[in-house]
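Note: the block below is final-v2.cif and it holds mmCIF, C-alpha atoms.
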data_my_file
#
loop_
_atom_site.label_atom_id
_atom_site.label_comp_id
_atom_site.auth_asym_id
_atom_site.auth_seq_id
_atom_site.Cartn_x
_atom_site.Cartn_y
_atom_site.Cartn_z
CA MET A 52 30.85 12.09 13.99
CA ILE A 53 28.37 14.87 14.69
CA ASN A 54 26.71 14.13 11.40
CA CYS A 55 26.43 10.47 12.27
CA SER A 56 24.96 11.05 15.72
CA SER A 57 22.56 13.71 14.48
CA LYS A 58 21.44 11.33 11.78
CA LEU A 59 20.87 8.68 14.40
CA THR A 60 18.90 11.11 16.55
CA LEU A 61 16.84 12.10 13.54
CA LEU A 62 16.18 8.47 12.82
CA LEU A 63 15.11 7.89 16.40
CA ILE A 64 12.86 10.95 16.40
CA CYS A 65 11.35 9.87 13.13
CA VAL A 66 10.70 6.37 14.45
CA LEU A 67 9.11 7.70 17.61
CA ASN A 68 7.13 10.38 15.79
CA SER A 69 5.99 8.42 12.84
CA ALA A 70 5.13 5.39 14.89
CA PRO A 71 1.34 5.73 14.70
CA THR A 72 1.55 6.73 11.07
CA LEU A 73 2.95 3.42 9.92
CA ALA A 74 -0.35 2.00 8.82
CA HIS A 75 -0.38 1.49 5.13
CA ARG A 76 -2.44 3.76 3.01
CA LEU A 77 -2.20 7.51 3.23
CA GLN A 78 -5.31 9.53 2.47
CA VAL A 79 -5.86 13.23 2.27
CA PHE A 80 -9.15 15.06 2.50
CA ALA A 81 -9.69 18.75 1.91
CA SER A 82 -12.61 21.08 1.50
CA ALA A 83 -13.00 24.73 0.73
CA GLU A 84 -14.68 27.12 3.11
CA GLY A 85 -14.77 30.43 1.39
CA ALA A 86 -11.24 31.15 0.22
CA ASN A 87 -9.80 28.87 2.85
CA ILE A 88 -8.79 25.26 2.25
CA SER A 89 -8.80 23.08 5.29
CA GLY A 90 -8.30 19.38 5.40
CA SER A 91 -6.64 16.48 7.07
CA ALA A 92 -4.31 13.62 6.26
CA TYR A 93 -4.95 10.20 7.71
CA PHE A 94 -4.29 6.55 7.10
CA ALA A 95 -6.94 4.19 5.81
CA GLY A 96 -8.50 2.85 8.95
CA GLY A 97 -8.65 6.23 10.64
CA ALA A 98 -5.24 6.90 12.25
CA LYS A 99 -4.33 10.57 11.88
CA ALA A 100 -1.17 11.34 9.95
CA SER A 101 0.81 14.00 11.78
CA GLY A 102 3.93 15.66 10.45
CA VAL A 103 3.14 14.79 6.86
CA ARG A 104 4.32 17.19 4.18
CA ILE A 105 1.47 18.80 2.24
CA GLU A 106 2.19 20.40 -1.10
CA ILE A 107 -0.31 22.80 -2.59
CA GLN A 108 -0.04 23.06 -6.36
CA ASN A 109 -2.03 24.85 -9.02
CA ALA A 110 -3.49 23.17 -12.09
CA VAL A 111 -0.22 23.19 -14.04
CA GLY A 112 1.77 21.69 -11.18
CA GLN A 113 3.39 24.85 -9.91
CA LEU A 114 4.13 24.74 -6.19
CA LEU A 115 2.09 27.32 -4.27
CA ALA A 116 2.81 26.34 -0.70
CA GLU A 117 4.30 23.67 1.49
CA LEU A 118 2.72 22.79 4.82
CA ILE A 119 3.20 20.25 7.56
CA THR A 120 0.18 18.63 9.16
CA ALA A 121 -0.52 19.19 12.85
CA ALA A 122 -0.72 16.48 15.50
CA ASP A 123 -4.29 15.64 14.51
CA GLY A 124 -3.35 15.50 10.83
CA SER A 125 -5.09 18.75 9.95
CA PHE A 126 -3.82 21.60 7.81
CA ASN A 127 -5.05 25.00 6.66
CA TYR A 128 -4.28 27.11 3.66
CA SER A 129 -5.81 30.38 2.54
CA THR A 130 -5.93 30.65 -1.22
CA GLN A 131 -4.82 33.69 -3.18
CA SER A 132 -7.16 33.19 -6.10
CA PRO A 133 -10.07 30.90 -6.96
CA ILE A 134 -8.27 28.46 -9.25
CA ASP A 135 -7.94 24.67 -9.25
CA HIS A 136 -5.77 23.53 -6.35
CA LEU A 137 -4.07 20.17 -6.13
CA ILE A 138 -3.24 19.02 -2.62
CA ILE A 139 -0.57 16.36 -2.33
CA ALA A 140 0.28 14.65 0.93
CA ASP A 141 3.61 12.87 1.12
CA SER A 142 4.79 11.14 4.28
CA GLY A 143 8.25 10.61 2.80
CA ASP A 144 8.35 6.84 3.32
CA GLY A 145 6.62 5.95 0.10
CA HIS A 146 3.11 7.05 0.96
CA ARG A 147 1.43 9.66 -1.18
CA ALA A 148 -2.11 10.84 -1.71
CA GLN A 149 -3.77 13.71 -3.48
CA TRP A 150 -6.98 15.67 -3.51
CA ARG A 151 -8.30 18.25 -5.94
CA ILE A 152 -10.16 21.41 -5.00
CA THR A 153 -11.80 22.90 -8.07
CA ALA A 154 -12.09 26.58 -8.80
CA ALA A 155 -15.87 26.31 -8.46
CA GLU A 156 -15.54 25.20 -4.85
CA LEU A 157 -13.40 28.20 -4.02
CA GLY A 158 -15.48 30.62 -6.07
CA GLY A 159 -18.00 31.28 -3.32
CA ASN A 160 -16.13 33.96 -1.45
CA SER A 161 -14.40 35.78 -4.25
CA LEU A 162 -16.31 38.84 -5.32
CA PRO A 163 -16.12 38.65 -9.13
CA ASN A 164 -17.15 35.03 -9.14
CA ALA A 165 -19.98 35.49 -6.68
CA SER A 166 -21.48 38.36 -8.60
CA THR A 167 -21.48 36.36 -11.82
CA ALA A 168 -22.81 33.34 -9.99
CA SER A 169 -25.72 35.08 -8.32
CA PRO A 170 -27.88 35.73 -11.40
CA SER A 171 -27.38 32.23 -12.77
CA VAL A 172 -28.03 30.44 -9.50
CA SER A 173 -30.93 32.48 -8.26
CA THR A 174 -33.93 33.57 -10.28
CA ALA A 175 -35.64 36.95 -10.20
CA PRO A 176 -36.79 37.17 -6.56
CA ALA A 177 -33.39 36.22 -5.20
CA ASN A 178 -31.72 39.12 -6.97
CA ALA A 179 -32.30 41.08 -3.81
CA VAL A 180 -29.80 38.89 -2.01
CA ASP A 181 -26.48 40.64 -2.11
CA SER A 182 -23.25 38.81 -2.80
CA ALA A 183 -22.06 39.00 0.82
CA THR A 184 -25.10 37.10 2.04
CA LEU A 185 -24.67 34.59 -0.75
CA ALA A 186 -21.05 34.05 0.24
CA ALA A 187 -22.07 33.58 3.86
CA ILE A 188 -24.65 31.00 2.84
CA GLU A 189 -22.12 29.12 0.74
CA LEU A 190 -19.68 29.16 3.63
CA ALA A 191 -22.29 27.81 6.02
CA VAL A 192 -23.37 25.08 3.62
CA ALA A 193 -19.76 24.09 3.00
CA ARG A 194 -19.22 23.78 6.74
CA GLN A 195 -22.35 21.70 7.18
CA VAL A 196 -21.63 19.40 4.27
CA ARG A 197 -18.02 18.76 5.19
CA PRO A 198 -18.56 15.97 7.76
CA LEU A 199 -20.80 14.22 5.26
CA ARG A 200 -18.14 14.35 2.59
CA GLU A 201 -15.52 13.12 5.02
CA GLU A 202 -17.74 10.22 5.98
CA LEU A 203 -18.45 9.43 2.35
CA GLN A 204 -14.76 9.25 1.54
CA ALA A 205 -14.05 7.11 4.57
CA ALA A 206 -16.81 4.72 3.51
CA GLU A 207 -15.38 4.61 0.01
CA ASN A 208 -11.95 3.67 1.33
CA HIS A 209 -13.29 1.04 3.62
CA ALA A 210 -12.61 -2.36 2.09
CA ASN A 211 -15.89 -4.14 2.27
CA PHE A 212 -16.79 -7.76 2.44
CA ARG A 213 -17.77 -7.93 -1.22
CA ASP A 214 -14.30 -6.80 -2.29
CA ILE A 215 -12.67 -9.51 -0.21
CA LEU A 216 -14.95 -12.25 -1.50
CA GLY A 217 -14.54 -10.94 -5.05
CA GLY A 218 -10.77 -11.05 -4.78
CA ILE A 219 -10.76 -14.60 -3.42
CA GLY A 220 -13.15 -15.58 -6.18
CA TYR A 221 -10.75 -14.23 -8.76
CA ILE A 222 -7.86 -16.20 -7.27
CA VAL A 223 -9.89 -19.42 -7.35
CA GLY A 224 -11.00 -18.67 -10.89
CA VAL A 225 -7.50 -17.93 -12.18
CA THR A 226 -6.22 -21.12 -10.59
CA GLY A 227 -9.06 -23.09 -12.14
CA ILE A 228 -8.32 -21.67 -15.58
CA LEU A 229 -4.62 -22.46 -15.22
CA LEU A 230 -5.33 -26.03 -14.12
CA TRP A 231 -7.85 -26.55 -16.89
CA TRP A 232 -5.51 -25.16 -19.51
CA ARG A 233 -2.62 -27.29 -18.33
CA GLN A 234 -4.74 -30.38 -18.21
CA ARG A 235 -5.78 -29.85 -21.82
CA HIS A 236 -2.17 -29.23 -22.66
CA ASN A 237 -0.95 -32.39 -21.00
CA SER A 238 -3.73 -34.84 -21.84
CA PRO A 239 -2.65 -35.70 -25.45
CA ARG A 240 0.75 -36.74 -24.18
CA SER A 241 -0.41 -38.97 -21.37
CA MET B 295 4.02 -0.67 3.64
CA ALA B 296 5.21 -2.99 1.02
CA HIS B 297 2.60 -1.43 -1.23
CA ILE B 298 4.16 1.56 -2.92
CA PRO B 299 1.52 3.83 -4.49
CA ASP B 300 1.70 5.49 -7.90
CA GLY B 301 3.62 8.71 -8.30
CA VAL B 302 6.35 8.03 -5.76
CA LEU B 303 8.98 6.17 -7.73
CA SER B 304 10.93 7.49 -10.68
CA ALA B 305 10.47 6.15 -14.21
CA PRO B 306 13.74 4.14 -14.45
CA VAL B 307 12.92 2.28 -11.22
CA LEU B 308 9.37 1.59 -12.45
CA ILE B 309 10.55 0.30 -15.82
CA GLY B 310 13.36 -1.74 -14.29
CA GLY B 311 10.97 -3.30 -11.79
CA ALA B 312 8.40 -4.09 -14.46
CA VAL B 313 10.95 -5.68 -16.79
CA LEU B 314 12.47 -7.82 -14.04
CA SER B 315 9.02 -8.86 -12.80
CA ILE B 316 7.89 -9.88 -16.27
CA GLY B 317 11.09 -11.88 -16.67
CA LEU B 318 10.59 -13.67 -13.35
CA LEU B 319 6.91 -14.30 -14.12
CA THR B 320 7.78 -15.82 -17.49
CA ILE B 321 10.29 -18.20 -15.93
CA ALA B 322 7.88 -19.04 -13.12
CA LEU B 323 5.02 -19.80 -15.50
CA ARG B 324 7.27 -22.11 -17.54
CA ARG B 325 8.19 -24.01 -14.39
CA LEU B 326 4.68 -24.10 -13.04
CA ASP B 327 3.78 -27.46 -11.60
CA ASP B 328 0.15 -28.44 -11.37
CA GLU B 329 0.52 -30.16 -8.01
CA ARG B 330 1.29 -26.88 -6.33
CA LEU B 331 -1.42 -24.78 -7.95
CA PRO B 332 -4.14 -25.44 -5.32
CA ALA B 333 -1.66 -24.65 -2.54
CA ALA B 334 -0.62 -21.53 -4.45
CA ALA B 335 -4.26 -20.43 -4.68
CA VAL B 336 -4.82 -20.92 -0.95
CA LEU B 337 -1.67 -18.97 -0.03
CA SER B 338 -2.43 -16.30 -2.61
CA ALA B 339 -5.87 -15.80 -1.07
CA ALA B 340 -4.35 -15.71 2.41
CA PHE B 341 -1.84 -13.10 1.26
CA PHE B 342 -4.63 -11.09 -0.38
CA VAL B 343 -6.71 -10.97 2.79
CA SER B 344 -3.82 -10.60 5.25
CA SER B 345 -3.15 -7.04 4.09
CA LEU B 346 -6.47 -6.07 5.69
CA VAL B 347 -5.66 -7.60 9.04
CA THR B 348 -3.38 -5.12 10.74
CA ILE B 349 -1.69 -6.19 13.92
CA PRO B 350 -0.85 -3.49 16.43
CA ILE B 351 2.74 -3.85 17.61
CA GLY B 352 3.37 -1.23 20.24
CA PRO B 353 2.19 2.04 18.70
CA THR B 354 2.54 0.82 15.12
CA SER B 355 0.26 -1.44 13.18
CA VAL B 356 1.55 -3.71 10.46
CA HIS B 357 0.24 -6.60 8.43
CA LEU B 358 1.80 -9.93 7.65
CA LEU B 359 3.59 -10.30 4.34
CA LEU B 360 3.64 -14.11 4.16
CA ASN B 361 6.22 -14.06 1.37
CA GLY B 362 8.70 -16.19 3.32
CA LEU B 363 6.08 -18.89 3.83
CA MET B 364 4.97 -18.69 0.21
CA GLY B 365 8.52 -19.04 -1.06
CA LEU B 366 9.16 -21.97 1.23
CA LEU B 367 6.03 -23.88 0.25
CA LEU B 368 5.62 -22.86 -3.38
CA GLY B 369 9.08 -22.28 -4.83
CA TRP B 370 8.77 -20.66 -8.25
CA THR B 371 4.97 -20.85 -8.13
CA ALA B 372 5.08 -18.18 -5.39
CA ILE B 373 5.77 -15.51 -8.03
CA PRO B 374 2.49 -15.78 -10.00
CA ALA B 375 0.65 -16.27 -6.69
CA LEU B 376 2.09 -13.03 -5.31
CA PHE B 377 1.53 -11.18 -8.56
CA VAL B 378 -2.15 -12.13 -8.79
CA ALA B 379 -2.76 -11.20 -5.14
CA LEU B 380 -0.97 -7.84 -5.52
CA LEU B 381 -2.93 -7.07 -8.69
CA LEU B 382 -6.20 -7.78 -6.89
CA GLN B 383 -5.16 -5.74 -3.84
CA ALA B 384 -4.44 -2.80 -6.11
CA ALA B 385 -7.76 -3.23 -7.91
CA PHE B 386 -10.01 -3.83 -4.92
CA PHE B 387 -8.39 -2.02 -1.99
CA GLY B 388 -6.24 0.57 -3.71
CA TYR B 389 -3.14 -0.77 -1.94
CA GLY B 390 -0.24 0.02 -4.20
CA GLY B 391 -0.48 1.54 -7.64
CA ILE B 392 -0.98 -0.21 -10.96
CA LEU B 393 2.12 1.31 -12.53
CA VAL B 394 4.17 0.27 -9.50
CA LEU B 395 2.92 -3.30 -9.70
CA GLY B 396 6.17 -4.49 -11.26
CA VAL B 397 8.31 -3.03 -8.48
CA ASN B 398 5.92 -4.22 -5.77
CA THR B 399 5.88 -7.73 -7.22
CA LEU B 400 9.65 -7.77 -7.39
CA ASN B 401 9.96 -6.52 -3.80
CA MET B 402 7.77 -9.37 -2.59
CA ALA B 403 8.76 -12.13 -4.99
CA LEU B 404 12.54 -11.87 -4.87
CA PRO B 405 12.71 -12.58 -1.11
CA ALA B 406 10.20 -15.41 -1.56
CA LEU B 407 12.36 -16.97 -4.24
CA LEU B 408 15.51 -16.60 -2.17
CA CYS B 409 13.72 -18.21 0.79
CA ALA B 410 12.92 -21.17 -1.45
CA VAL B 411 16.52 -21.46 -2.57
CA LEU B 412 18.08 -20.97 0.87
CA PHE B 413 15.71 -22.75 3.23
CA THR B 414 13.72 -25.41 1.38
CA PRO B 415 16.70 -27.79 1.01
CA TRP B 416 17.12 -27.62 4.80
CA LEU B 417 13.63 -28.94 5.37
CA ARG B 418 14.70 -32.35 4.17
CA ARG B 419 17.96 -32.43 6.05
CA ILE B 420 16.73 -31.27 9.41
CA ALA B 421 14.82 -33.20 12.08
CA PRO B 422 11.03 -32.65 11.89
CA ALA B 423 11.03 -31.12 15.36
CA GLN B 424 13.21 -28.31 14.12
CA CYS B 425 10.87 -27.26 11.35
CA PHE B 426 9.89 -24.25 13.42
CA TRP B 427 13.32 -22.70 13.10
CA ILE B 428 13.42 -23.09 9.32
CA GLY B 429 10.03 -21.40 9.14
CA ALA B 430 11.12 -18.66 11.51
CA ALA B 431 14.27 -18.02 9.49
CA ALA B 432 12.26 -17.83 6.26
CA GLY B 433 9.72 -15.44 7.80
CA LEU B 434 12.42 -13.19 9.22
CA PHE B 435 14.42 -13.18 6.03
CA GLY B 436 11.36 -12.60 3.81
CA VAL B 437 10.26 -9.49 5.70
CA LEU B 438 13.70 -7.97 6.17
CA PHE B 439 14.69 -8.49 2.56
CA THR B 440 11.39 -7.01 1.38
CA GLY B 441 11.98 -4.04 3.68
CA GLY B 442 15.43 -3.63 2.20
CA LEU B 443 14.08 -3.74 -1.34
CA VAL B 444 11.34 -1.20 -0.59
CA ALA B 445 13.92 1.09 0.97
CA LEU B 446 16.19 0.56 -2.03
CA SER B 447 13.47 1.36 -4.56
CA LEU B 448 12.61 4.51 -2.60
CA SER B 449 16.18 5.70 -2.31
CA LEU B 450 16.89 4.92 -5.99
CA SER B 451 14.06 7.30 -6.86
CA GLY B 452 15.53 10.32 -5.12
CA GLU B 453 18.04 11.39 -2.52
CA ALA B 454 15.31 12.91 -0.34
CA PHE B 455 13.97 9.47 0.36
CA HIS B 456 17.18 8.24 1.87
CA THR B 457 16.46 9.00 5.52
CA ALA B 458 12.87 7.92 5.11
CA ALA B 459 14.02 4.63 3.69
CA GLU B 460 16.14 4.05 6.78
CA VAL B 461 13.14 4.75 8.98
CA LEU B 462 11.04 2.37 6.94
CA PHE B 463 13.61 -0.36 7.35
CA ALA B 464 13.65 0.15 11.11
CA SER B 465 9.89 -0.26 11.22
CA TYR B 466 10.14 -3.67 9.55
CA LEU B 467 12.00 -5.18 12.52
CA PRO B 468 9.00 -5.86 14.80
CA LEU B 469 7.05 -7.19 11.83
CA ALA B 470 9.91 -9.52 10.97
CA LEU B 471 9.79 -11.03 14.46
CA VAL B 472 6.02 -11.60 14.30
CA GLU B 473 6.31 -13.01 10.82
CA ALA B 474 9.07 -15.37 11.97
CA LEU B 475 6.89 -16.63 14.81
CA MET B 476 3.90 -17.06 12.50
CA THR B 477 5.78 -18.84 9.69
CA GLY B 478 7.47 -21.14 12.17
CA THR B 479 4.13 -22.03 13.76
CA VAL B 480 2.48 -22.72 10.41
CA LEU B 481 5.33 -24.96 9.37
CA THR B 482 5.26 -26.87 12.67
CA PHE B 483 1.51 -27.28 12.25
CA LEU B 484 1.90 -28.62 8.71
CA GLN B 485 4.63 -30.98 9.87
CA ARG B 486 2.41 -32.33 12.63
CA VAL B 487 -0.87 -32.54 10.71
CA SER B 488 0.30 -33.76 7.34
CA PRO B 489 4.05 -34.26 7.06
CA GLU B 490 3.53 -35.93 3.69
CA LEU B 491 2.26 -32.61 2.34
CA LEU B 492 5.44 -30.87 3.36
CA ASN B 493 7.65 -33.68 2.09
CA SER B 494 5.88 -33.96 -1.25
CA LEU B 495 6.21 -30.21 -1.75
CA VAL B 496 9.87 -30.37 -0.95
CA VAL B 497 10.51 -33.28 -3.29
CA LEU B 498 8.59 -31.56 -6.08
CA ARG B 499 11.01 -28.68 -6.10
CA ASP B 500 13.65 -30.60 -8.00
#

In structure tokens, what does this structure look like?
Amino acid sequence: MINCSSKLTLLLICVLNSAPTLAHRLQVFASAEGANISGSAYFAGGAKASGVRIEIQNAVGQLLAELITAADGSFNYSTQSPIDHLIIADSGDGHRAQWRITAAELGGNSLPNASTASPSVSTAPANAVDSATLAAIELAVARQVRPLREELQAAENHANFRDILGGIGYIVGVTGILLWWRQRHNSPRS
Amino acid sequence: MAHIPDGVLSAPVLIGGAVLSIGLLTIALRRLDDERLPAAAVLSAAFFVSSLVTIPIGPTSVHLLLNGLMGLLLGWTAIPALFVALLLQAAFFGYGGILVLGVNTLNMALPALLCAVLFTPWLRRIAPAQCFWIGAAAGLFGVLFTGGLVALSLSLSGEAFHTAAEVLFASYLPLALVEALMTGTVLTFLQRVSPELLNSLVVLRD
């Protein structure tokens, strides 16, 4: 009885909570700022996905952390080491999206990586720049570039007019081929 | 919502869905009748585009499925029409995965087929003025059955999905009502504008 009513309450809460998230394509975006991964989950079209489970995995699929997105769909995770991170968002009702943060993106703040990166990136005069400054610069650039990347991904997800026309064209074409083929097939008989 | 992406369902569900879909497609292509192909293309295109037009119902936003209408008007031909449109949606918009295409097709096509079997015979028996109710019933049934199948494919893939599947099913209710209204209106319109179109389609089913 208790189980039944609690299940019903859960269902109700889920319906009320997940109401704005019932659009139809889940997306996740993440970027690295220093050793910190921050990102957001949203539905194609722009609605924020709150209360979505975020799994952070390493390159071999081992679970590193499990987070829940905030009301505005955002989440934060501070990485332990600069390795490839796979971020999987799963809203539980059959929506799933993933995003990869490469080790190179996270490398900026970690000391061993930055010190090896500094000679290769900068030529002789820049050797004076110490690794802390370099990390700060990378952090600042990452922060500046982030809105651009977000916008780029949103534009990529946006179904544009060409796609729609292309799809309709395909349908007309397939129908034409079918009709043509069947006409050829039937004509000897008639 | 009816578009399940890749990586959610388990392998047995994917394979089962694919096999059943291929079976249904084969039967449908054998029974294809040329008279219905243009209508199938029009409805397929409408289905393809309708996934982009989201209707806000209260706080949620959903899109029409149209599978009840397609089943009613196309019969078996609805299956290749739905398959082509779903394939193109996956390719162009990223709605639904490629590996899940079999399951997604099945989830949409099975209700369409059942609508054809259950409701198309009624179209001939009933008075033209009552076309609306046949359409409404087909729309309602199409959406609810699709919702049930999506929930089933999710819950077959893992116990964790069970509650989520229930939630999903609850969210299909408002859509079902809108779909019923829409399908009924389209059918009434067809009946009024060109009843011979509706009658010829119905007769062609046998």

Give me, please, the distance in Å between atom CA of Gly362 of chain B and atom CA of Thr477 of chain B, quoted to one decimal.
7.5 Å

Starting from the shown file, work through the PyMOL selection byres ((chain B and resi 369-373) around 6) and note down what comes out as a PyMOL selection string.
chain B and resi 322+326+364-365+368+374-376+403+410

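Against the coordinates shown, the PyMOL selection byres ((chain B and resi 312) around 10) returns Pro306, Val307, Leu308, Ile309, Gly310, Gly311, Val313, Leu314, Ser315, Ile316, Gly317, Leu318, Leu393, Val394, Leu395, Gly396, Val397, Asn398, Thr399 and Leu400 of chain B.
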
As number ranges by chain, please: the residues near segment 111-124 of chain A (cut-off 9 Å, only C-alpha atoms, same-chain neighbours under 5 positions excluded).
A: 90-93, 98-106, 136-137

Atom CA of Glu84 of chain A and atom CA of Ala193 of chain A are how many Å apart?
5.9 Å

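The interatomic distance for the pair atom CA of Phe426 of chain B and atom CA of Val480 of chain B works out to 8.1 Å.
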
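The residue set within 9 Å of Gly218 of chain A, counting all atoms listed in the file and dropping same-chain residues fewer than 6 places from it, reads Ala339, Phe342, Val343, Ala379, Leu382, Gln383, Ala385 and Phe386 of chain B.
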
Could you write out the selected residues, including C-alpha atoms, as a PDB file, keeping the file's coordinate frame?
ATOM      1  CA  ALA B 339      -5.870 -15.800  -1.070  1.00  0.00           C
ATOM      2  CA  PHE B 342      -4.630 -11.090  -0.380  1.00  0.00           C
ATOM      3  CA  VAL B 343      -6.710 -10.970   2.790  1.00  0.00           C
ATOM      4  CA  ALA B 379      -2.760 -11.200  -5.140  1.00  0.00           C
ATOM      5  CA  LEU B 382      -6.200  -7.780  -6.890  1.00  0.00           C
ATOM      6  CA  GLN B 383      -5.160  -5.740  -3.840  1.00  0.00           C
ATOM      7  CA  ALA B 385      -7.760  -3.230  -7.910  1.00  0.00           C
ATOM      8  CA  PHE B 386     -10.010  -3.830  -4.920  1.00  0.00           C
TER       9      PHE B 386
END

Apply the PyMOL selection byres ((chain B and resi 361) around 9) to the structure shown and report the selected residues as a PyMOL selection string.
chain B and resi 341+358-360+362-366+372+376+402-403+405-407+409+432-433+436-437+440
